[in-house]
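Colleague: This is structure_1.txt (compact mmCIF, C-alpha atoms).
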# COMPACT_ATOMS: atom_id res chain seq x y z
CA MET A 1 143.60 156.84 152.36
CA LYS A 2 142.18 156.96 155.88
CA MET A 3 141.33 160.67 155.71
CA ALA A 4 139.24 160.09 152.61
CA GLU A 5 137.87 156.73 153.66
CA HIS A 6 134.67 157.88 155.37
CA TRP A 7 133.34 160.35 152.82
CA ALA A 8 134.55 158.28 149.85
CA GLN A 9 132.69 155.21 151.11
CA GLU A 10 129.58 157.32 151.65
CA ALA A 11 129.91 158.73 148.13
CA TRP A 12 130.38 155.23 146.72
CA THR A 13 127.27 153.96 148.44
CA ARG A 14 125.25 156.86 147.08
CA THR A 15 126.70 156.31 143.60
CA VAL A 16 125.75 152.63 143.61
CA LYS A 17 122.23 153.50 144.70
CA LYS A 18 121.76 156.22 142.11
CA VAL A 19 123.15 154.21 139.18
CA ALA A 20 120.86 151.32 140.12
CA TRP A 21 118.02 153.77 139.48
CA THR A 22 119.36 155.60 136.39
CA SER A 23 120.37 152.35 134.70
CA LYS A 24 116.72 151.35 134.50
CA ARG A 25 116.10 154.14 131.96
CA ILE A 26 119.53 154.51 130.34
CA GLY A 27 119.88 150.76 129.99
CA ASP A 28 122.44 149.86 127.34
CA GLY A 29 122.28 153.29 125.74
CA PHE A 30 125.07 155.79 125.26
CA PRO A 31 124.58 158.95 127.33
CA HIS A 32 126.62 162.09 126.81
CA ALA A 33 125.16 165.22 128.39
CA SER A 34 122.17 165.75 130.65
CA LYS A 35 119.32 167.94 129.41
CA ASN A 36 116.46 168.87 131.71
CA GLY A 37 117.60 166.23 134.15
CA LYS A 38 117.86 163.30 131.72
CA TYR A 39 120.88 162.06 129.84
CA VAL A 40 120.53 162.48 126.08
CA LEU A 41 121.44 159.18 124.42
CA GLU A 42 123.78 159.35 121.43
CA ALA A 43 124.56 156.91 118.64
CA PRO A 44 127.07 154.15 119.48
CA SER A 45 129.55 155.86 117.16
CA TRP A 46 129.71 158.98 119.37
CA TRP A 47 133.07 159.47 121.09
CA THR A 48 131.66 159.14 124.61
CA ALA A 49 130.19 155.66 123.98
CA GLY A 50 132.64 153.97 126.35
CA PHE A 51 132.06 156.02 129.48
CA TRP A 52 128.68 154.64 130.59
CA PRO A 53 129.69 150.98 130.21
CA GLY A 54 133.04 151.86 131.80
CA LEU A 55 131.21 153.30 134.78
CA LEU A 56 129.07 150.16 134.97
CA TRP A 57 132.20 148.00 135.00
CA LEU A 58 133.68 150.07 137.84
CA LEU A 59 130.58 149.41 139.92
CA TYR A 60 130.31 145.77 138.89
CA ARG A 61 133.88 145.14 140.04
CA ASP A 62 132.78 146.05 143.54
CA THR A 63 129.12 144.95 143.67
CA LYS A 64 129.08 141.96 141.27
CA ASP A 65 125.65 143.20 140.17
CA GLU A 66 124.76 141.00 137.17
CA THR A 67 122.33 143.58 135.80
CA LEU A 68 125.12 146.15 135.41
CA LYS A 69 127.36 143.53 133.81
CA GLN A 70 124.73 142.61 131.25
CA LEU A 71 124.14 146.24 130.30
CA ALA A 72 127.87 146.87 129.86
CA GLU A 73 128.22 143.75 127.72
CA SER A 74 125.32 144.84 125.53
CA CYS A 75 126.96 148.24 125.00
CA GLU A 76 130.15 146.49 123.92
CA ARG A 77 128.32 144.29 121.41
CA GLN A 78 126.63 147.33 119.87
CA LEU A 79 130.06 148.80 119.11
CA ASP A 80 130.69 145.91 116.68
CA GLN A 81 128.52 147.75 114.17
CA VAL A 82 130.61 150.90 114.63
CA ILE A 83 133.72 148.98 113.58
CA SER A 84 131.86 147.54 110.58
CA ASP A 85 130.65 150.98 109.52
CA TYR A 86 134.26 152.22 109.78
CA TYR A 87 133.76 155.72 108.35
CA LYS A 88 132.78 157.21 111.71
CA LEU A 89 135.83 155.87 113.55
CA ASP A 90 138.39 158.41 114.68
CA HIS A 91 141.13 158.59 117.30
CA ASP A 92 138.56 158.20 120.11
CA ILE A 93 138.66 154.48 119.37
CA GLY A 94 140.75 154.43 122.55
CA PHE A 95 138.07 155.97 124.74
CA MET A 96 135.44 153.65 123.30
CA TRP A 97 137.08 150.22 123.44
CA THR A 98 139.34 150.70 126.47
CA LEU A 99 136.33 151.21 128.73
CA THR A 100 134.30 148.42 127.12
CA SER A 101 136.38 145.56 125.70
CA VAL A 102 139.64 146.10 127.59
CA ALA A 103 137.75 146.63 130.85
CA ARG A 104 135.77 143.41 130.38
CA TYR A 105 138.87 141.47 129.39
CA LYS A 106 140.77 142.68 132.45
CA LEU A 107 137.87 141.82 134.74
CA LEU A 108 136.62 138.58 133.21
CA GLY A 109 139.30 137.39 130.78
CA GLU A 110 136.77 137.00 127.96
CA GLU A 111 138.41 136.17 124.64
CA ASP A 112 135.85 138.00 122.50
CA SER A 113 136.65 141.22 124.35
CA LYS A 114 140.37 140.70 123.81
CA ARG A 115 139.73 140.25 120.08
CA ARG A 116 137.63 143.41 119.91
CA GLY A 117 140.22 145.39 121.83
CA LEU A 118 143.01 144.26 119.52
CA LEU A 119 140.99 145.06 116.41
CA ALA A 120 140.34 148.54 117.81
CA ALA A 121 144.04 148.95 118.60
CA ASN A 122 144.95 148.07 115.01
CA LEU A 123 142.51 150.66 113.69
CA LEU A 124 143.90 153.28 116.06
CA ALA A 125 147.48 152.45 115.06
CA ALA A 126 146.49 152.87 111.42
CA ARG A 127 145.74 156.56 112.07
CA PHE A 128 149.43 157.24 112.81
CA ASN A 129 151.16 159.57 110.35
CA VAL A 130 154.89 158.88 110.20
CA GLN A 131 155.40 162.38 108.80
CA GLY A 132 155.04 164.41 111.98
CA SER A 133 154.68 161.37 114.26
CA TYR A 134 151.10 161.98 115.34
CA ILE A 135 147.82 160.10 115.45
CA ARG A 136 145.28 161.90 113.30
CA ALA A 137 142.35 163.14 115.35
CA TRP A 138 139.24 163.36 113.21
CA ASN A 139 137.93 162.47 109.79
CA PRO A 140 136.38 165.15 107.57
CA TRP A 141 133.07 166.27 109.05
CA ARG A 142 131.81 167.60 105.74
CA GLU A 143 132.77 167.16 102.09
CA GLY A 144 135.72 169.39 101.32
CA ASP A 145 137.08 169.46 104.87
CA HIS A 146 140.80 168.87 105.25
CA ASN A 147 141.90 167.93 108.75
CA GLU A 148 144.42 165.24 107.84
CA GLY A 149 147.08 167.13 109.77
CA TRP A 150 145.11 167.74 112.96
CA ALA A 151 146.17 166.18 116.26
CA ILE A 152 144.60 166.97 119.64
CA ILE A 153 145.63 166.65 123.28
CA ASP A 154 142.67 164.33 124.05
CA CYS A 155 144.51 161.53 122.24
CA MET A 156 146.87 161.09 125.21
CA MET A 157 143.99 159.17 126.83
CA ASN A 158 143.68 156.93 123.77
CA LEU A 159 147.29 155.75 123.91
CA PRO A 160 146.73 153.19 126.70
CA LEU A 161 144.82 151.03 124.20
CA LEU A 162 148.04 150.73 122.17
CA HIS A 163 150.17 149.99 125.22
CA TRP A 164 147.69 147.31 126.31
CA ALA A 165 147.80 145.74 122.84
CA ALA A 166 151.60 145.64 122.96
CA GLU A 167 151.47 143.89 126.33
CA VAL A 168 148.90 141.21 125.46
CA THR A 169 150.38 140.41 122.03
CA GLY A 170 154.07 140.83 122.80
CA ASP A 171 154.29 143.00 119.67
CA PRO A 172 156.06 146.31 120.42
CA ARG A 173 154.81 148.10 117.29
CA TYR A 174 151.77 149.39 119.16
CA LYS A 175 153.96 150.76 121.94
CA HIS A 176 156.28 152.46 119.47
CA ILE A 177 153.38 154.35 117.92
CA ALA A 178 152.12 155.44 121.35
CA VAL A 179 155.61 156.63 122.32
CA ARG A 180 156.10 158.55 119.09
CA HIS A 181 152.78 160.34 119.53
CA ALA A 182 153.55 161.13 123.18
CA ASP A 183 156.91 162.56 122.12
CA THR A 184 155.11 164.83 119.64
CA VAL A 185 152.90 166.02 122.50
CA LEU A 186 156.01 166.81 124.54
CA ALA A 187 157.45 168.81 121.67
CA HIS A 188 154.39 170.68 120.44
CA PHE A 189 151.50 170.59 122.94
CA ILE A 190 152.79 171.10 126.48
CA ARG A 191 154.03 174.62 127.05
CA PRO A 192 156.91 175.52 129.40
CA ASP A 193 154.50 176.74 132.10
CA GLY A 194 152.51 173.49 132.05
CA SER A 195 149.53 174.79 130.11
CA VAL A 196 148.50 172.88 127.01
CA ASN A 197 147.50 173.44 123.39
CA HIS A 198 144.30 171.72 122.36
CA ILE A 199 144.84 171.34 118.61
CA VAL A 200 148.12 171.36 116.70
CA ILE A 201 147.97 171.31 112.91
CA PHE A 202 150.73 169.64 110.91
CA ASP A 203 151.40 169.40 107.20
CA PRO A 204 150.32 165.79 106.61
CA GLU A 205 152.82 165.42 103.74
CA THR A 206 155.94 166.81 105.42
CA GLY A 207 155.12 166.68 109.14
CA GLU A 208 155.93 170.35 109.61
CA LYS A 209 154.04 172.08 112.40
CA LEU A 210 151.81 174.71 110.81
CA SER A 211 149.66 176.28 113.52
CA VAL A 212 147.81 175.94 116.81
CA ASN A 213 144.02 176.04 117.09
CA GLY A 214 142.16 176.94 120.27
CA GLY A 215 139.60 174.18 119.77
CA GLN A 216 137.40 173.86 122.84
CA GLY A 217 139.44 176.41 124.72
CA TYR A 218 138.77 180.14 124.59
CA ALA A 219 141.69 180.96 122.28
CA PRO A 220 144.84 179.38 120.79
CA ASP A 221 146.95 180.75 123.65
CA SER A 222 144.44 180.12 126.45
CA ALA A 223 144.39 177.08 128.74
CA TRP A 224 141.38 174.80 128.29
CA SER A 225 141.05 172.99 131.60
CA ARG A 226 139.88 169.63 130.29
CA GLY A 227 142.74 169.59 127.81
CA THR A 228 145.06 170.21 130.74
CA ALA A 229 143.48 167.25 132.52
CA TRP A 230 143.88 165.01 129.44
CA ALA A 231 147.57 165.89 129.38
CA LEU A 232 148.06 165.38 133.13
CA TYR A 233 146.43 161.95 133.23
CA GLY A 234 147.72 160.90 129.80
CA MET A 235 151.33 161.68 130.59
CA SER A 236 151.03 159.89 133.95
CA LEU A 237 149.75 156.84 132.08
CA SER A 238 152.53 157.04 129.49
CA TYR A 239 155.07 157.04 132.31
CA ARG A 240 153.31 154.06 133.90
CA TYR A 241 153.68 152.06 130.69
CA THR A 242 157.17 153.14 129.67
CA GLY A 243 159.08 154.31 132.75
CA ASP A 244 160.31 157.26 130.67
CA GLU A 245 161.15 160.09 133.09
CA ARG A 246 160.32 162.71 130.45
CA TYR A 247 156.66 161.77 130.70
CA LEU A 248 156.73 161.84 134.49
CA ASN A 249 158.29 165.30 134.47
CA ALA A 250 155.73 166.52 131.94
CA ALA A 251 152.89 165.16 134.08
CA LYS A 252 154.31 167.01 137.09
CA ARG A 253 154.62 170.27 135.16
CA VAL A 254 151.03 170.07 133.96
CA ALA A 255 149.84 169.03 137.43
CA HIS A 256 151.42 172.07 139.05
CA PHE A 257 149.86 174.39 136.48
CA PHE A 258 146.47 172.78 137.07
CA MET A 259 146.71 172.93 140.86
CA ALA A 260 148.00 176.51 140.89
CA ASN A 261 145.05 177.74 138.85
CA LEU A 262 142.22 176.09 140.76
CA PRO A 263 139.67 178.30 142.51
CA GLU A 264 138.99 177.97 146.22
CA ASP A 265 136.66 174.99 145.89
CA HIS A 266 139.24 173.03 143.83
CA VAL A 267 136.97 172.59 140.78
CA PRO A 268 138.27 174.33 137.63
CA HIS A 269 136.64 176.82 135.34
CA TRP A 270 136.32 175.61 131.76
CA ASP A 271 139.40 177.60 130.75
CA PHE A 272 142.15 178.83 133.05
CA ARG A 273 142.78 181.99 130.97
CA LEU A 274 139.55 183.84 130.37
CA PRO A 275 139.34 187.59 129.74
CA GLU A 276 136.86 189.66 131.69
CA GLY A 277 133.31 189.41 130.44
CA VAL A 278 133.50 185.78 129.31
CA PRO A 279 131.33 183.41 131.40
CA ASP A 280 133.54 181.37 133.70
CA TYR A 281 131.48 178.21 133.91
CA ARG A 282 133.03 175.39 135.88
CA ASP A 283 133.99 172.15 134.21
CA SER A 284 133.54 169.43 136.79
CA SER A 285 134.60 166.83 134.21
CA ALA A 286 138.03 168.43 133.95
CA GLY A 287 138.33 168.29 137.72
CA ALA A 288 137.33 164.63 137.90
CA CYS A 289 139.76 163.59 135.16
CA ALA A 290 142.60 165.59 136.68
CA ALA A 291 141.92 164.04 140.09
CA CYS A 292 142.42 160.57 138.62
CA GLY A 293 145.66 161.73 137.03
CA LEU A 294 146.86 163.21 140.31
CA LEU A 295 146.12 159.98 142.18
CA LEU A 296 148.10 157.98 139.61
CA LEU A 297 150.92 160.51 139.74
CA ALA A 298 151.00 160.19 143.53
CA ASP A 299 151.43 156.43 143.19
CA GLN A 300 154.48 156.95 140.97
CA VAL A 301 156.47 159.31 143.22
CA SER A 302 157.45 159.31 146.87
CA GLY A 303 157.79 161.48 149.95
CA GLN A 304 156.34 164.97 149.96
CA GLU A 305 155.49 164.80 146.27
CA ARG A 306 153.31 161.77 146.88
CA SER A 307 151.43 163.56 149.64
CA LEU A 308 151.05 166.71 147.54
CA TYR A 309 149.48 165.03 144.52
CA ARG A 310 147.30 162.68 146.53
CA LYS A 311 145.95 165.50 148.68
CA ALA A 312 145.15 167.55 145.59
CA GLY A 313 143.30 164.64 143.97
CA GLU A 314 141.33 163.99 147.16
CA GLN A 315 140.41 167.66 147.52
CA ILE A 316 138.99 167.78 144.00
CA LEU A 317 136.98 164.59 144.44
CA TYR A 318 135.67 165.65 147.84
CA SER A 319 134.55 169.01 146.48
CA LEU A 320 132.81 167.30 143.56
CA TYR A 321 131.02 165.02 146.00
CA ALA A 322 130.09 167.63 148.59
CA HIS A 323 129.34 170.65 146.40
CA TYR A 324 128.64 169.34 142.88
CA GLY A 325 126.99 165.99 143.51
CA SER A 326 123.36 165.23 142.71
CA TRP A 327 122.36 162.62 145.24
CA GLU A 328 119.01 163.38 146.81
CA THR A 329 116.83 164.04 143.78
CA ASP A 330 115.14 161.95 141.11
CA GLU A 331 115.05 165.00 138.84
CA GLU A 332 118.67 164.69 137.67
CA GLU A 333 120.29 161.56 136.25
CA GLY A 334 123.83 162.94 136.29
CA LEU A 335 126.01 162.25 139.29
CA ILE A 336 128.12 165.41 139.08
CA LEU A 337 126.73 168.82 138.11
CA HIS A 338 128.34 171.80 136.32
CA GLY A 339 130.27 170.28 133.47
CA THR A 340 131.10 172.28 130.33
CA SER A 341 131.43 170.30 127.14
CA HIS A 342 132.14 172.90 124.43
CA TYR A 343 131.79 176.58 125.30
CA PRO A 344 133.03 178.00 121.94
CA GLU A 345 130.15 176.20 120.20
CA ARG A 346 127.81 176.87 123.16
CA LYS A 347 127.11 173.16 123.53
CA ASN A 348 126.25 171.41 126.79
CA MET A 349 127.27 174.15 129.18
CA ASP A 350 126.81 173.85 132.95
CA VAL A 351 125.35 170.34 132.82
CA PRO A 352 126.34 166.85 133.97
CA LEU A 353 128.56 165.02 131.47
CA ILE A 354 128.97 161.25 131.37
CA TYR A 355 132.77 161.44 131.30
CA GLY A 356 132.69 163.64 134.39
CA ASP A 357 130.58 160.99 136.10
CA TYR A 358 132.92 158.24 134.92
CA TYR A 359 136.12 159.88 136.17
CA PHE A 360 134.48 160.78 139.48
CA VAL A 361 133.56 157.12 140.02
CA GLU A 362 137.02 155.98 138.92
CA GLY A 363 138.57 158.40 141.39
CA LEU A 364 136.38 157.11 144.21
CA SER A 365 137.31 153.56 143.29
CA ARG A 366 140.99 154.46 143.54
CA LEU A 367 140.52 156.09 146.95
CA LEU A 368 138.79 152.93 148.18
CA GLY A 369 141.69 150.72 147.20
CA HIS A 370 141.14 149.52 143.63
CA GLY A 371 144.57 149.87 142.07
CA GLU A 372 144.00 148.26 138.67
CA LEU A 373 143.04 150.69 135.93
CA PHE A 374 141.10 149.97 132.76
CA TRP A 375 143.44 152.38 130.97
Rewrite the structure of this file - the entire thing - as structure tokens.
Modeller:
Amino acid sequence: MKMAEHWAQEAWTRTVKKVAWTSKRIGDGFPHASKNGKYVLEAPSWWTAGFWPGLLWLLYRDTKDETLKQLAESCERQLDQVISDYYKLDHDIGFMWTLTSVARYKLLGEEDSKRRGLLAANLLAARFNVQGSYIRAWNPWREGDHNEGWAIIDCMMNLPLLHWAAEVTGDPRYKHIAVRHADTVLAHFIRPDGSVNHIVIFDPETGEKLSVNGGQGYAPDSAWSRGTAWALYGMSLSYRYTGDERYLNAAKRVAHFFMANLPEDHVPHWDFRLPEGVPDYRDSSAGACAACGLLLLADQVSGQERSLYRKAGEQILYSLYAHYGSWETDEEEGLILHGTSHYPERKNMDVPLIYGDYYFVEGLSRLLGHGELFW
């Protein structure tokens, strides 16, 4: 930690200062992507709704700033309406309530947050299809859509909500669902070389694997970098909760693929397998998420492996701070520049993304000694 201590503390100080400013406009809203220097605020039902309050909780843990606490609590209360509306809930329940209710419960022990987190865990568990052993990703976007059999790699980061629920209730059913889904990811998502499928489509009646969809990657057989990061961090978390060596080995395999395909500045392009002529935008959010996964992986191994993964995580975070950070200007609310949300749909390309900001701050927090995770 000593090598990273100086720059990480400097980055933390700058982060605290900048969020004190941006929080005055963002307030208890739900930012997703920055446009013309300002975060566009989405509805509370949008999948990224947890990342801003999660970031506020990370800073509150260190600063005890009551203003940040109150904003994060207001965000959490607004999500009550999302549960009541129900129809817009999908598998990203994990992203949303882990970084709001579970975070607040872990920090403050508040019973209303525990209740919200458990309700969310029950709704996530209800999306599990026993035929195929997967958690369904999305609901139909339009009348006539049929995506009952779709599962996506992102859901690895939603599984900690189920593991948390199993721990606080003593009821292993939540854990069993998380394990079954993770086993499906081992079987059908993570390739032998450590690259990852984004979307796998199953027959929802029989559980048979039907096809692979490229999703937010360039093609079905390409290697979307943020999906790789979801798998790296998600498998590391699954190992943390279960002690199952299969998940640890999968996390290592994905980590080595990720590290081997990084450019010189250690921040990935949006897809690791792009043909010539396709814009190779960076995705700083993939780098930030992977860095957090690498730091967790380092904590779970020893010797040279520990040094390898920790160094890689530090290098990514340092590069994000030194080369991608937006610290000295009031013209950009995002902390970390050059994220790519969805290139195939040409959405939010080469802009700050709130989840990139969140994982960068989480990574800094880990480097500075905070071992407890909200996940």
Colleague: Leaving out Gly293 of chain A and any residue of its chain fewer than 4 positions from it, which residues lie within 10 Å of it when counting all atoms listed in the file, given as a list in words?
Modeller: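 Counting only the stated atoms, we get Ala229, Trp230, Ala231, Leu232, Tyr233, Gly234, Met235, Ser236, Leu237, Ala251, Ala255, Gly287, Ala288, Cys289, Leu297, Ala298, Asp299, Tyr309, Arg310, Gly313, Tyr359 and Gly363 of chain A.
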Colleague: Give me the residues near Ser74 of chain A as an mmCIF file with C-alpha atoms, in the coordinates of the input, where near means some atom within 7 Å (using only C-alpha atoms) and where sequence neighbours in that chain fewer than 4 positions away do not count.
Modeller:
data_model
loop_
_atom_site.group_PDB
_atom_site.id
_atom_site.type_symbol
_atom_site.label_atom_id
_atom_site.label_comp_id
_atom_site.auth_asym_id
_atom_site.auth_seq_id
_atom_site.Cartn_x
_atom_site.Cartn_y
_atom_site.Cartn_z
ATOM 1 C CA ASP A 28 122.440 149.860 127.340
ATOM 2 C CA GLN A 70 124.730 142.610 131.250
ATOM 3 C CA GLN A 78 126.630 147.330 119.870
#
Colleague: I want to know what sits within 9 Å of Val267 of chain A, based on only C-alpha atoms, with residues of the same chain fewer than 2 positions away left out; could you give that as a ChimeraX atom specification?
Modeller: /A:262-265,269,282-284,286-288,316-317,319-320
Colleague: Mind giving me the straight-line distance from atom CA of Leu367 of chain A to atom CA of His163 of chain A in Å, one decimal?
Modeller: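 Separation of atom CA of Leu367 of chain A and atom CA of His163 of chain A: 24.5 Å.
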Colleague: How far is it from atom CA of Glu331 of chain A to atom CA of Pro352 of chain A, in Å with one decimal?
Modeller: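 Between these atoms lies a distance of 12.4 Å.
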Colleague: Nearest residue to His188 of chain A out of A:Phe257, A:Ser222, A:Gly214, A:Tyr134, using all atoms listed in the file?
Modeller: A:Tyr134
Colleague: Have a look at A:Leu337, A:Val102, A:Ala121, A:Met157 and name the one nearest to Glu73 of chain A; count only C-alpha atoms.
Modeller: A:Val102
Colleague: For a test of reading the model, state the distance in Å between atom CA of Arg191 of chain A and atom CA of Leu89 of chain A, rounded to one decimal.
Modeller: 29.4 Å
Colleague: Measuring between all atoms listed in the file, which one of A:Pro344, A:Gly325, A:Gly371, A:Pro160 shows the shortest distance to Thr15 of chain A?
Modeller: A:Gly325
Colleague: I'd like the neighbourhood of Gln300 of chain A as a list in words, where a residue qualifies if any of its atoms comes within 10 Å (using all atoms listed in the file), though same-chain residues fewer than 2 positions away should be ignored.
Modeller: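 These residues fall inside the cut-off: Ser236, Tyr239, Arg240, Gly243, Leu248, Leu294, Leu295, Leu296, Leu297, Ala298, Ser302, Glu305 and Arg306 of chain A.
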Colleague: May I ask which of the residues A:Arg104, A:Arg14, A:His181, A:Arg142 is the closest one to Tyr60 of chain A, counting all atoms listed in the file?
Modeller: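 The answer is A:Arg104, which sits nearest to Tyr60 of chain A.
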Colleague: Give the answer as one residue: which of A:Glu208, A:Val179, A:Tyr355, A:Tyr39 has the shortest atom-to-atom distance to Met96 of chain A, using all atoms listed in the file?
Modeller: A:Tyr355
Colleague: From the list A:Leu186, A:Ala49, A:Leu161, A:Leu373, which residue is nearest Lys106 of chain A when using all atoms listed in the file?
Modeller: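 Smallest distance to Lys106 of chain A is found for A:Leu373.
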Colleague: Counting only C-alpha atoms, find residues at most 12 Å from (118.0, 170.0, 131.6) (file frame) and give them as an NGL selection string.
Modeller: :A and (33-40 or 331-334 or 337-338 or 348-353)
Colleague: Atoms to include: C-alpha atoms. Write the selected residues as a tab-separated table (two decimals), in the coordinates of the input.
Modeller:
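And here's out_38.tsv as it stands now:
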chain	number	residue	atom	x	y	z
A	33	ALA	CA	125.16	165.22	128.39
A	34	SER	CA	122.17	165.75	130.65
A	35	LYS	CA	119.32	167.94	129.41
A	36	ASN	CA	116.46	168.87	131.71
A	37	GLY	CA	117.60	166.23	134.15
A	38	LYS	CA	117.86	163.30	131.72
A	39	TYR	CA	120.88	162.06	129.84
A	40	VAL	CA	120.53	162.48	126.08
A	331	GLU	CA	115.05	165.00	138.84
A	332	GLU	CA	118.67	164.69	137.67
A	333	GLU	CA	120.29	161.56	136.25
A	334	GLY	CA	123.83	162.94	136.29
A	337	LEU	CA	126.73	168.82	138.11
A	338	HIS	CA	128.34	171.80	136.32
A	348	ASN	CA	126.25	171.41	126.79
A	349	MET	CA	127.27	174.15	129.18
A	350	ASP	CA	126.81	173.85	132.95
A	351	VAL	CA	125.35	170.34	132.82
A	352	PRO	CA	126.34	166.85	133.97
A	353	LEU	CA	128.56	165.02	131.47
Colleague: Within 8 Å of Ile152 of chain A, counting all atoms listed in the file, which residues qualify if same-chain residues fewer than 4 places away don't, as a list in words?
Modeller: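 With the cut-off at 8 Å, the set is Ala137, His198, Ile199 and Val200 of chain A.
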